[in-house]
$ cat my_file.cif   # mmCIF, C-alpha atoms
data_final
loop_
_atom_site.label_atom_id
_atom_site.label_comp_id
_atom_site.auth_asym_id
_atom_site.auth_seq_id
_atom_site.Cartn_x
_atom_site.Cartn_y
_atom_site.Cartn_z
CA MET A 1 124.30 126.64 72.16
CA LYS A 2 126.30 125.84 75.29
CA PRO A 3 124.83 123.07 77.45
CA SER A 4 124.32 125.51 80.34
CA ASN A 5 122.38 127.86 78.04
CA ARG A 6 120.24 124.98 76.87
CA LEU A 7 119.46 124.13 80.49
CA TRP A 8 118.38 127.68 81.23
CA LEU A 9 116.25 127.73 78.11
CA ALA A 10 114.55 124.51 79.25
CA VAL A 11 113.93 125.97 82.71
CA ALA A 12 112.56 129.17 81.19
CA CYS A 13 110.23 127.18 78.93
CA ALA A 14 109.00 125.04 81.81
CA VAL A 15 108.28 128.11 83.91
CA GLY A 16 106.72 129.89 80.94
CA ILE A 17 104.34 127.00 80.36
CA ALA A 18 103.59 126.12 83.97
CA PHE A 19 102.52 129.57 85.14
CA PRO A 20 99.96 130.43 82.44
CA LEU A 21 98.54 126.90 82.77
CA ALA A 22 98.22 127.30 86.53
CA GLY A 23 96.46 130.63 85.94
CA LEU A 24 94.04 129.01 83.50
CA TRP A 25 93.24 126.31 86.04
CA HIS A 26 92.50 129.02 88.55
CA GLU A 27 90.01 130.60 86.15
CA LEU A 28 88.32 127.26 85.60
CA ALA A 29 88.17 126.76 89.35
CA GLU A 30 86.60 130.14 89.93
CA ARG A 31 84.00 129.70 87.21
CA ALA A 32 80.46 129.45 88.54
CA PRO A 33 78.20 126.58 87.45
CA SER A 34 77.05 127.39 83.92
CA ALA A 35 73.35 127.94 83.48
CA GLY A 36 73.43 127.33 79.71
CA LYS A 37 74.30 124.21 77.74
CA PRO A 38 75.57 121.32 79.88
CA ASP A 39 79.32 121.00 79.70
CA ARG A 40 79.86 117.34 78.78
CA ARG A 41 83.33 115.86 79.13
CA ASP A 42 84.36 112.23 79.24
CA PHE A 43 87.38 109.95 79.38
CA THR A 44 88.37 106.39 78.58
CA LEU A 45 90.56 104.83 81.26
CA SER A 46 91.07 101.41 82.84
CA ASP A 47 90.01 100.19 86.26
CA VAL A 48 92.20 97.97 88.47
CA ASP A 49 90.90 94.88 86.63
CA GLY A 50 91.94 96.30 83.26
CA LYS A 51 88.36 96.99 82.16
CA ASP A 52 87.59 100.12 80.13
CA VAL A 53 85.84 102.81 82.10
CA THR A 54 84.04 105.90 80.81
CA LEU A 55 81.59 108.14 82.66
CA ALA A 56 78.80 105.90 81.36
CA THR A 57 80.22 103.12 83.57
CA PHE A 58 78.96 105.10 86.57
CA GLY A 59 75.63 105.76 84.84
CA GLY A 60 73.11 107.51 87.00
CA LYS A 61 75.50 108.34 89.84
CA TRP A 62 77.12 111.59 90.77
CA VAL A 63 80.91 111.36 90.35
CA LEU A 64 83.58 113.15 92.33
CA LEU A 65 86.95 113.05 90.48
CA TYR A 66 90.37 113.51 91.98
CA PHE A 67 93.67 113.39 90.08
CA GLY A 68 96.71 112.36 92.10
CA TYR A 69 99.29 109.60 92.49
CA THR A 70 100.28 107.11 95.16
CA PHE A 71 103.91 108.31 95.37
CA CYS A 72 102.47 111.41 97.03
CA PRO A 73 102.73 110.64 100.72
CA ASP A 74 101.48 113.89 102.21
CA ILE A 75 98.64 115.55 100.27
CA CYS A 76 96.96 112.77 98.28
CA PRO A 77 96.07 110.47 101.22
CA THR A 78 94.36 113.39 102.98
CA SER A 79 92.42 114.29 99.82
CA LEU A 80 91.30 110.70 99.26
CA GLN A 81 90.22 110.42 102.88
CA VAL A 82 88.12 113.59 102.53
CA MET A 83 86.61 112.43 99.23
CA GLY A 84 85.72 109.01 100.67
CA GLU A 85 84.16 110.55 103.76
CA VAL A 86 82.01 112.92 101.69
CA ALA A 87 80.84 110.03 99.47
CA ASP A 88 79.93 107.93 102.53
CA THR A 89 77.98 110.82 104.08
CA LEU A 90 76.05 111.36 100.82
CA ARG A 91 75.30 107.65 100.50
CA ALA A 92 74.01 107.59 104.06
CA ARG A 93 71.53 110.28 102.95
CA GLY A 94 70.46 108.27 99.95
CA GLU A 95 72.49 110.12 97.28
CA ALA A 96 74.44 107.86 94.91
CA MET A 97 77.97 109.26 94.72
CA GLN A 98 80.99 107.53 93.16
CA PRO A 99 84.39 108.89 94.20
CA VAL A 100 87.04 108.29 91.52
CA PHE A 101 90.82 108.55 91.85
CA ILE A 102 92.68 108.97 88.55
CA THR A 103 96.44 108.52 88.74
CA VAL A 104 98.70 110.97 86.90
CA ASP A 105 101.62 108.56 87.40
CA PRO A 106 100.75 105.37 85.46
CA GLU A 107 104.43 104.41 85.39
CA ARG A 108 104.43 103.59 89.11
CA ASP A 109 100.70 103.20 89.73
CA THR A 110 100.06 99.80 88.25
CA PRO A 111 96.52 98.39 88.61
CA GLN A 112 97.70 96.28 91.57
CA VAL A 113 99.27 99.26 93.37
CA LEU A 114 96.11 101.31 92.76
CA ARG A 115 93.89 98.54 94.06
CA ASP A 116 95.87 98.21 97.32
CA TYR A 117 96.02 101.97 97.72
CA VAL A 118 92.35 102.90 97.33
CA SER A 119 91.26 100.02 99.57
CA ASN A 120 92.77 101.96 102.48
CA PHE A 121 90.12 104.65 102.23
CA GLY A 122 86.41 104.78 102.84
CA GLY A 123 83.81 105.61 100.22
CA ALA A 124 84.56 102.62 97.92
CA ILE A 125 86.81 104.82 95.77
CA VAL A 126 87.40 103.53 92.23
CA GLY A 127 91.03 103.81 91.08
CA LEU A 128 91.65 104.47 87.38
CA THR A 129 94.78 104.42 85.26
CA GLY A 130 95.58 104.35 81.56
CA SER A 131 98.20 105.24 78.99
CA ILE A 132 99.98 108.60 79.24
CA GLU A 133 97.81 109.76 76.31
CA GLN A 134 94.55 108.67 77.95
CA ILE A 135 95.47 110.27 81.25
CA GLY A 136 96.72 113.41 79.51
CA GLY A 137 93.39 113.66 77.69
CA ALA A 138 91.40 113.25 80.90
CA THR A 139 93.44 115.83 82.80
CA ARG A 140 93.15 118.37 79.96
CA ARG A 141 89.40 117.93 79.78
CA TYR A 142 89.03 118.58 83.49
CA GLY A 143 91.43 121.51 83.55
CA THR A 144 94.01 119.60 85.60
CA PHE A 145 97.73 119.90 85.04
CA PHE A 146 100.61 117.72 86.07
CA GLN A 147 104.32 117.84 85.55
CA LYS A 148 107.12 115.43 86.39
CA GLN A 149 109.61 116.86 88.87
CA PRO A 150 112.89 114.94 89.15
CA MET A 151 114.42 114.54 92.61
CA PRO A 152 118.14 114.56 93.43
CA ASN A 153 118.04 110.86 94.39
CA GLY A 154 116.94 109.86 90.88
CA SER A 155 113.30 109.48 91.82
CA TYR A 156 110.58 111.91 90.75
CA MET A 157 107.45 113.55 92.00
CA MET A 158 104.46 114.80 90.06
CA ASN A 159 103.45 118.38 90.65
CA HIS A 160 99.75 118.50 90.01
CA SER A 161 96.82 120.82 90.27
CA SER A 162 94.56 119.68 92.99
CA GLY A 163 90.79 119.81 93.16
CA PHE A 164 87.67 117.66 93.27
CA SER A 165 85.57 117.81 90.09
CA LEU A 166 81.85 117.16 90.44
CA ILE A 167 80.10 115.43 87.54
CA SER A 168 76.33 115.07 87.29
CA PRO A 169 74.50 111.74 86.84
CA LYS A 170 74.09 112.61 83.13
CA GLY A 171 77.80 113.31 82.74
CA ALA A 172 77.81 117.10 82.88
CA TYR A 173 80.77 118.82 84.44
CA VAL A 174 79.35 120.86 87.32
CA ARG A 175 82.30 122.54 89.04
CA VAL A 176 85.56 121.98 90.86
CA PHE A 177 86.12 122.27 94.62
CA ARG A 178 89.31 123.02 96.51
CA SER A 179 90.94 119.83 97.76
CA ASP A 180 92.40 121.32 100.93
CA LEU A 181 89.01 121.44 102.62
CA GLU A 182 88.06 119.17 105.51
CA ALA A 183 85.26 116.68 104.85
CA ASN A 184 82.81 118.70 106.98
CA GLU A 185 83.60 121.79 104.88
CA LEU A 186 83.48 120.05 101.50
CA PHE A 187 80.30 118.09 102.18
CA PRO A 188 77.87 121.06 102.40
CA GLU A 189 79.45 122.65 99.29
CA VAL A 190 79.06 119.48 97.25
CA GLU A 191 75.55 118.87 98.51
CA GLU A 192 74.52 122.43 97.68
CA ALA A 193 75.95 122.16 94.15
CA MET A 194 74.11 118.84 93.64
CA HIS A 195 70.79 120.27 94.78
CA ALA A 196 71.16 123.38 92.65
CA TRP A 197 71.96 121.35 89.51
CA LYS A 198 69.36 120.49 86.83
CA ASP A 199 70.55 117.76 84.47
CA MET B 1 149.90 100.67 143.41
CA ARG B 2 149.27 99.67 139.90
CA GLY B 3 145.72 98.69 140.81
CA ARG B 4 145.16 102.06 142.46
CA THR B 5 146.35 103.99 139.41
CA ASN B 6 144.04 101.94 137.29
CA GLY B 7 141.22 102.67 139.67
CA MET B 8 141.89 106.40 139.59
CA PHE B 9 142.13 106.31 135.83
CA ARG B 10 138.81 104.55 135.68
CA THR B 11 137.25 107.11 138.03
CA LYS B 12 138.59 109.94 135.89
CA LEU B 13 137.35 108.26 132.76
CA LEU B 14 133.94 107.83 134.36
CA ALA B 15 133.91 111.50 135.38
CA VAL B 16 134.80 112.58 131.85
CA GLY B 17 132.11 110.27 130.53
CA ILE B 18 129.48 111.72 132.85
CA LEU B 19 130.58 115.27 131.98
CA ALA B 20 130.31 114.47 128.28
CA LEU B 21 126.87 113.00 128.79
CA VAL B 22 125.77 116.03 130.78
CA ALA B 23 127.15 118.35 128.08
CA VAL B 24 125.26 116.53 125.31
CA ASP B 25 122.17 116.30 127.47
CA ALA B 26 122.22 119.98 128.27
CA ARG B 27 121.85 120.71 124.57
CA ALA B 28 119.62 117.79 123.69
CA ALA B 29 117.31 118.75 126.54
CA ASP B 30 116.50 121.99 124.76
CA ILE B 31 115.06 120.10 121.81
CA ALA B 32 112.16 117.71 122.18
CA VAL B 33 110.62 115.63 119.40
CA LYS B 34 107.01 114.90 120.34
CA ASP B 35 104.01 113.07 118.89
CA ALA B 36 105.96 111.44 116.07
CA TRP B 37 103.87 109.37 113.66
CA VAL B 38 104.07 107.99 110.15
CA ARG B 39 101.41 107.01 107.66
CA GLY B 40 100.96 103.31 107.19
CA ALA B 41 101.98 101.91 103.82
CA PRO B 42 100.24 98.89 102.30
CA THR B 43 102.31 96.32 100.41
CA GLY B 44 103.46 97.76 97.10
CA ILE B 45 103.47 101.38 98.28
CA LYS B 46 107.11 102.38 98.65
CA VAL B 47 106.55 105.81 100.09
CA SER B 48 105.19 107.34 103.27
CA ALA B 49 105.35 110.52 105.30
CA GLY B 50 106.41 111.17 108.88
CA TYR B 51 105.25 113.94 111.18
CA ALA B 52 106.17 115.29 114.61
CA ARG B 53 106.20 118.39 116.73
CA ILE B 54 109.71 119.71 117.40
CA GLU B 55 110.03 122.02 120.38
CA ASN B 56 113.00 124.16 121.29
CA ALA B 57 113.06 125.27 124.93
CA GLY B 58 116.51 126.79 124.60
CA PRO B 59 117.58 130.39 123.99
CA VAL B 60 119.20 129.66 120.60
CA ALA B 61 117.84 128.33 117.32
CA ASP B 62 118.70 124.80 116.25
CA ARG B 63 118.45 123.16 112.85
CA LEU B 64 117.15 119.74 111.89
CA LEU B 65 119.81 118.44 109.51
CA SER B 66 118.62 114.93 108.75
CA VAL B 67 116.29 112.11 109.69
CA SER B 68 116.87 108.42 109.38
CA THR B 69 114.83 105.33 110.10
CA PRO B 70 115.19 101.62 109.34
CA ALA B 71 111.65 101.87 107.93
CA ALA B 72 112.86 103.77 104.84
CA GLY B 73 115.88 103.64 102.57
CA ASP B 74 115.71 107.38 102.19
CA ALA B 75 114.26 110.01 104.54
CA SER B 76 114.31 113.77 104.01
CA VAL B 77 112.39 116.84 105.11
CA HIS B 78 109.99 118.19 102.48
CA GLU B 79 107.43 120.93 102.37
CA SER B 80 104.14 120.62 100.53
CA SER B 81 102.83 123.81 99.06
CA GLU B 82 100.10 125.06 96.80
CA LYS B 83 100.67 127.88 94.34
CA GLU B 84 97.93 128.92 91.92
CA GLY B 85 96.23 125.57 92.36
CA MET B 86 99.41 123.53 91.70
CA MET B 87 100.45 121.17 94.49
CA SER B 88 104.14 120.49 94.83
CA MET B 89 106.69 119.22 97.31
CA GLU B 90 110.12 120.74 97.75
CA PRO B 91 113.04 119.37 99.76
CA VAL B 92 113.98 121.48 102.77
CA GLU B 93 117.74 121.53 103.34
CA ALA B 94 117.67 122.31 107.06
CA LEU B 95 114.61 123.09 109.11
CA THR B 96 115.20 125.87 111.65
CA ILE B 97 113.62 125.40 115.07
CA PRO B 98 113.37 128.90 116.57
CA PRO B 99 114.49 129.57 120.16
CA LYS B 100 111.64 129.20 122.67
CA GLY B 101 109.54 127.99 119.77
CA ALA B 102 108.31 124.95 117.89
CA VAL B 103 107.86 123.66 114.37
CA GLU B 104 104.98 121.39 113.51
CA LEU B 105 105.50 118.75 110.84
CA LYS B 106 101.95 117.98 109.70
CA PRO B 107 99.94 116.96 106.62
CA GLY B 108 99.96 119.65 103.93
CA SER B 109 103.06 121.34 105.34
CA TYR B 110 106.50 120.22 106.50
CA HIS B 111 106.86 116.45 106.60
CA ILE B 112 109.49 113.77 106.45
CA MET B 113 109.32 112.12 103.06
CA LEU B 114 110.07 108.43 103.49
CA MET B 115 111.11 106.66 100.31
CA ARG B 116 112.34 103.22 99.30
CA LEU B 117 110.43 101.49 102.09
CA PRO B 118 111.82 97.97 102.52
CA GLY B 119 108.38 96.65 103.47
CA ALA B 120 104.83 97.49 104.42
CA LEU B 121 104.16 99.71 107.45
CA ALA B 122 101.33 98.16 109.41
CA PRO B 123 99.13 100.56 111.42
CA GLY B 124 99.30 99.96 115.16
CA GLY B 125 103.05 99.41 115.27
CA THR B 126 105.93 101.81 115.80
CA VAL B 127 109.15 102.61 113.96
CA PRO B 128 112.25 104.27 115.45
CA MET B 129 113.17 107.60 113.89
CA GLU B 130 116.47 109.33 114.48
CA PHE B 131 116.47 113.14 114.18
CA THR B 132 119.88 114.81 113.86
CA PHE B 133 120.09 118.44 114.96
CA GLU B 134 122.99 120.81 114.44
CA ARG B 135 123.29 121.59 118.16
CA ALA B 136 121.24 119.01 120.02
CA GLY B 137 122.76 116.07 118.16
CA LYS B 138 120.80 112.88 117.66
CA ILE B 139 117.39 112.28 119.19
CA THR B 140 115.64 108.97 118.58
CA VAL B 141 111.91 108.55 119.08
CA ASP B 142 109.39 105.82 118.35
CA ALA B 143 106.91 106.98 115.72
CA LYS B 144 103.43 105.46 115.80
CA ILE B 145 102.20 103.96 112.56
CA ALA B 146 98.79 105.41 111.69
CA PRO B 147 96.41 104.26 108.97
CA LEU B 148 97.30 105.57 105.49
CA SER B 149 94.22 107.80 105.61
CA ALA B 150 95.08 109.41 108.97
CA LYS B 151 95.04 113.18 109.33
CA GLU B 152 96.71 113.27 112.73
CA MET B 153 98.58 111.10 115.20
CA PRO B 154 96.62 108.09 116.44
CA ARG B 155 95.66 108.55 120.12
#
$ encode --input "my_file.cif" --output "structure tokens"
Amino acid sequence: MKPSNRLWLAVACAVGIAFPLAGLWHELAERAPSAGKPDRRDFTLSDVDGKDVTLATFGGKWVLLYFGYTFCPDICPTSLQVMGEVADTLRARGEAMQPVFITVDPERDTPQVLRDYVSNFGGAIVGLTGSIEQIGGATRRYGTFFQKQPMPNGSYMMNHSSGFSLISPKGAYVRVFRSDLEANELFPEVEEAMHAWKD
Amino acid sequence: MRGRTNGMFRTKLLAVGILALVAVDARAADIAVKDAWVRGAPTGIKVSAGYARIENAGPVADRLLSVSTPAAGDASVHESSEKEGMMSMEPVEALTIPPKGAVELKPGSYHIMLMRLPGALAPGGTVPMEFTFERAGKITVDAKIAPLSAKEMPR
């Protein structure tokens, strides 16, 4: 096969994989909270001190999960700000909520970088990283997709699906929210989902 | 005599200089870069984003060709977009500023991607940013440094 043909095949494959995956995410996003068996999902990742973290680490608290990366200057800071603000508002009303930021770019997001980054936002956000396999497992379980996108200057970006996943105090996956909402739009949605949920 | 010639030459040179300035100004005056700001970057974070409102008061479109700033080794216009729940950023080759119109660079949309930051960007300060337009030429503004979590320009 000529190199140019190989390139086109690679592009075609990437597109062929990315679009159905994006569609699947959309279906997950649209799915209403399930009334039946609780949907339990978990992960094993590391916090900024290198300690293992699973959902049990946040035992008894609601968790709001966001997947992103620090080399994302435009969207991710806004999403983290919104997530932190919602968590602070809930705490002020006596609801224990832990916002969690999971990087999809462990190559650049070292524990130190993560620590510095999340400290710039409210809500006492916990930053988590891990091996590519651990992060891949976590993203799959929460219906999140990411893909490395090389840039002409040799750097790269990570295209990623974007949403806030709500997890109950007993570790049940409740639902995902759009991440382009303002804090005052997201807050009532999250609060409503929490109040409607029976663990 | 010699002194007089020199004097006349200087006057002519001055006139040409003023004319040139007026000519550049006449075009630059059509384009205004307003409310420029960048997100702060803590130590260790080598990337940030810049925003501004670009207004074109003139009767013809202009194009933003490039941006440069000493605060970043690499600056380029990008557009964030969401398709089917996937967030991505794409480089924008040249951003067209329509005649009698404006383009807003803001979070979640067009922005200046700042990469290879030589150091931290501390909120409260400013950084110069040079915008190069096809017609208006170079326009330099001071961009305010906002907190990393900012959603709009600090007031």
$ interface_residues --input "my_file.cif" --of "chain B" --to "chain A" --cutoff "7 Å" --atoms "all atoms listed in the file" --output "ChimeraX atom specification"
/B:42,44-45,47-49,84-88,107-108,148-149,151
$ residues_near_point --input "my_file.cif" --point "(105.6, 114.6, 115.3)" --cutoff "8 Å" --atoms "all atoms listed in the file" --output "VMD selection string"
chain B and resid 33 to 37 50 to 54 104 to 106 143 153
$ atom_distance --input "my_file.cif" --atom1 "atom CA of Arg141 of chain A" --atom2 "atom CA of Arg91 of chain A"
27.1 Å
$ residues_around --input "my_file.cif" --residues "segment 60-76 of chain B" --least-positions-apart "6" --cutoff "9 Å" --atoms "all atoms listed in the file" --output "PyMOL selection string"
(chain A and resi 153) or (chain B and resi 31+46-49+91-101+111-121+127-136)
$ residues_around --input "my_file.cif" --residues "Gly171 of chain A" --least-positions-apart "3" --cutoff "9 Å" --atoms "all atoms listed in the file" --output "number ranges by chain"
A: 38-42, 55-56, 59-63, 167-168, 174, 199
$ atom_distance --input "my_file.cif" --atom1 "atom CA of Glu189 of chain A" --atom2 "atom CA of Ala92 of chain A"
16.7 Å
$ atom_distance --input "my_file.cif" --atom1 "atom CA of Ile135 of chain A" --atom2 "atom CA of Met89 of chain B"
21.5 Å
$ closest_residue --input "my_file.cif" --among "A:Val53, A:Ser46, A:Lys148, A:Tyr142" --to "Tyr69 of chain A" --atoms "all atoms listed in the file"
A:Lys148
$ closest_residue --input "my_file.cif" --among "A:Val176, A:Val100, A:Ala183, A:Val126" --to "Phe67 of chain A" --atoms "only C-alpha atoms"
A:Val100
$ closest_residue --input "my_file.cif" --among "B:His78, B:Tyr110, B:Thr43, B:Val103" --to "Asn56 of chain B" --atoms "all atoms listed in the file"
B:Val103
$ closest_residue --input "my_file.cif" --among "A:Phe101, A:Phe164, A:Trp197, A:Phe187" --to "Asp47 of chain A" --atoms "all atoms listed in the file"
A:Phe101
$ residues_around --input "my_file.cif" --residues "Pro188 of chain A" --least-positions-apart "4" --cutoff "12 Å" --atoms "all atoms listed in the file" --output "list in words"
Val86, Ala87, Thr89, Leu90, Phe177, Leu181, Glu182, Ala183, Asn184, Glu192, Ala193, Met194 and His195 of chain A
$ build_atoms --input "my_file.cif" --residues "segment 84-98 of chain B" --atoms "N, CA, C and O atoms" --output "PDB file, in the frame of the given file"
ATOM      1  N   GLU B  84      98.817 128.798  93.078  1.00  0.00           N
ATOM      2  CA  GLU B  84      97.930 128.920  91.920  1.00  0.00           C
ATOM      3  C   GLU B  84      97.289 127.572  91.593  1.00  0.00           C
ATOM      4  O   GLU B  84      97.176 127.210  90.430  1.00  0.00           O
ATOM      5  N   GLY B  85      96.918 126.832  92.606  1.00  0.00           N
ATOM      6  CA  GLY B  85      96.230 125.570  92.360  1.00  0.00           C
ATOM      7  C   GLY B  85      97.151 124.397  92.036  1.00  0.00           C
ATOM      8  O   GLY B  85      96.690 123.294  91.836  1.00  0.00           O
ATOM      9  N   MET B  86      98.476 124.635  91.959  1.00  0.00           N
ATOM     10  CA  MET B  86      99.410 123.530  91.700  1.00  0.00           C
ATOM     11  C   MET B  86      99.994 123.055  93.031  1.00  0.00           C
ATOM     12  O   MET B  86     100.533 123.857  93.785  1.00  0.00           O
ATOM     13  N   MET B  87      99.874 121.736  93.283  1.00  0.00           N
ATOM     14  CA  MET B  87     100.450 121.170  94.490  1.00  0.00           C
ATOM     15  C   MET B  87     101.867 120.717  94.165  1.00  0.00           C
ATOM     16  O   MET B  87     102.079 120.058  93.154  1.00  0.00           O
ATOM     17  N   SER B  88     102.804 121.033  95.041  1.00  0.00           N
ATOM     18  CA  SER B  88     104.140 120.490  94.830  1.00  0.00           C
ATOM     19  C   SER B  88     104.821 120.257  96.166  1.00  0.00           C
ATOM     20  O   SER B  88     104.363 120.733  97.198  1.00  0.00           O
ATOM     21  N   MET B  89     105.892 119.480  96.111  1.00  0.00           N
ATOM     22  CA  MET B  89     106.690 119.220  97.310  1.00  0.00           C
ATOM     23  C   MET B  89     108.123 119.617  97.002  1.00  0.00           C
ATOM     24  O   MET B  89     108.640 119.303  95.943  1.00  0.00           O
ATOM     25  N   GLU B  90     108.738 120.316  97.935  1.00  0.00           N
ATOM     26  CA  GLU B  90     110.120 120.740  97.750  1.00  0.00           C
ATOM     27  C   GLU B  90     110.960 120.240  98.921  1.00  0.00           C
ATOM     28  O   GLU B  90     110.512 120.305 100.067  1.00  0.00           O
ATOM     29  N   PRO B  91     112.170 119.756  98.649  1.00  0.00           N
ATOM     30  CA  PRO B  91     113.040 119.370  99.760  1.00  0.00           C
ATOM     31  C   PRO B  91     113.447 120.591 100.584  1.00  0.00           C
ATOM     32  O   PRO B  91     113.623 121.675 100.035  1.00  0.00           O
ATOM     33  N   VAL B  92     113.565 120.405 101.873  1.00  0.00           N
ATOM     34  CA  VAL B  92     113.980 121.480 102.770  1.00  0.00           C
ATOM     35  C   VAL B  92     115.358 121.092 103.294  1.00  0.00           C
ATOM     36  O   VAL B  92     115.514 120.042 103.908  1.00  0.00           O
ATOM     37  N   GLU B  93     116.366 121.909 103.005  1.00  0.00           N
ATOM     38  CA  GLU B  93     117.740 121.530 103.340  1.00  0.00           C
ATOM     39  C   GLU B  93     117.942 121.375 104.856  1.00  0.00           C
ATOM     40  O   GLU B  93     118.438 120.368 105.317  1.00  0.00           O
ATOM     41  N   ALA B  94     117.567 122.397 105.607  1.00  0.00           N
ATOM     42  CA  ALA B  94     117.670 122.310 107.060  1.00  0.00           C
ATOM     43  C   ALA B  94     116.517 123.115 107.645  1.00  0.00           C
ATOM     44  O   ALA B  94     116.302 124.258 107.277  1.00  0.00           O
ATOM     45  N   LEU B  95     115.796 122.467 108.531  1.00  0.00           N
ATOM     46  CA  LEU B  95     114.610 123.090 109.110  1.00  0.00           C
ATOM     47  C   LEU B  95     115.007 123.799 110.406  1.00  0.00           C
ATOM     48  O   LEU B  95     115.519 123.160 111.327  1.00  0.00           O
ATOM     49  N   THR B  96     114.801 125.105 110.464  1.00  0.00           N
ATOM     50  CA  THR B  96     115.200 125.870 111.650  1.00  0.00           C
ATOM     51  C   THR B  96     114.111 125.793 112.725  1.00  0.00           C
ATOM     52  O   THR B  96     112.942 126.041 112.446  1.00  0.00           O
ATOM     53  N   ILE B  97     114.543 125.437 113.933  1.00  0.00           N
ATOM     54  CA  ILE B  97     113.620 125.400 115.070  1.00  0.00           C
ATOM     55  C   ILE B  97     113.938 126.650 115.896  1.00  0.00           C
ATOM     56  O   ILE B  97     115.014 126.724 116.511  1.00  0.00           O
ATOM     57  N   PRO B  98     113.054 127.631 115.909  1.00  0.00           N
ATOM     58  CA  PRO B  98     113.370 128.900 116.570  1.00  0.00           C
ATOM     59  C   PRO B  98     113.527 128.749 118.083  1.00  0.00           C
ATOM     60  O   PRO B  98     112.931 127.849 118.672  1.00  0.00           O
TER      61      PRO B  98
END
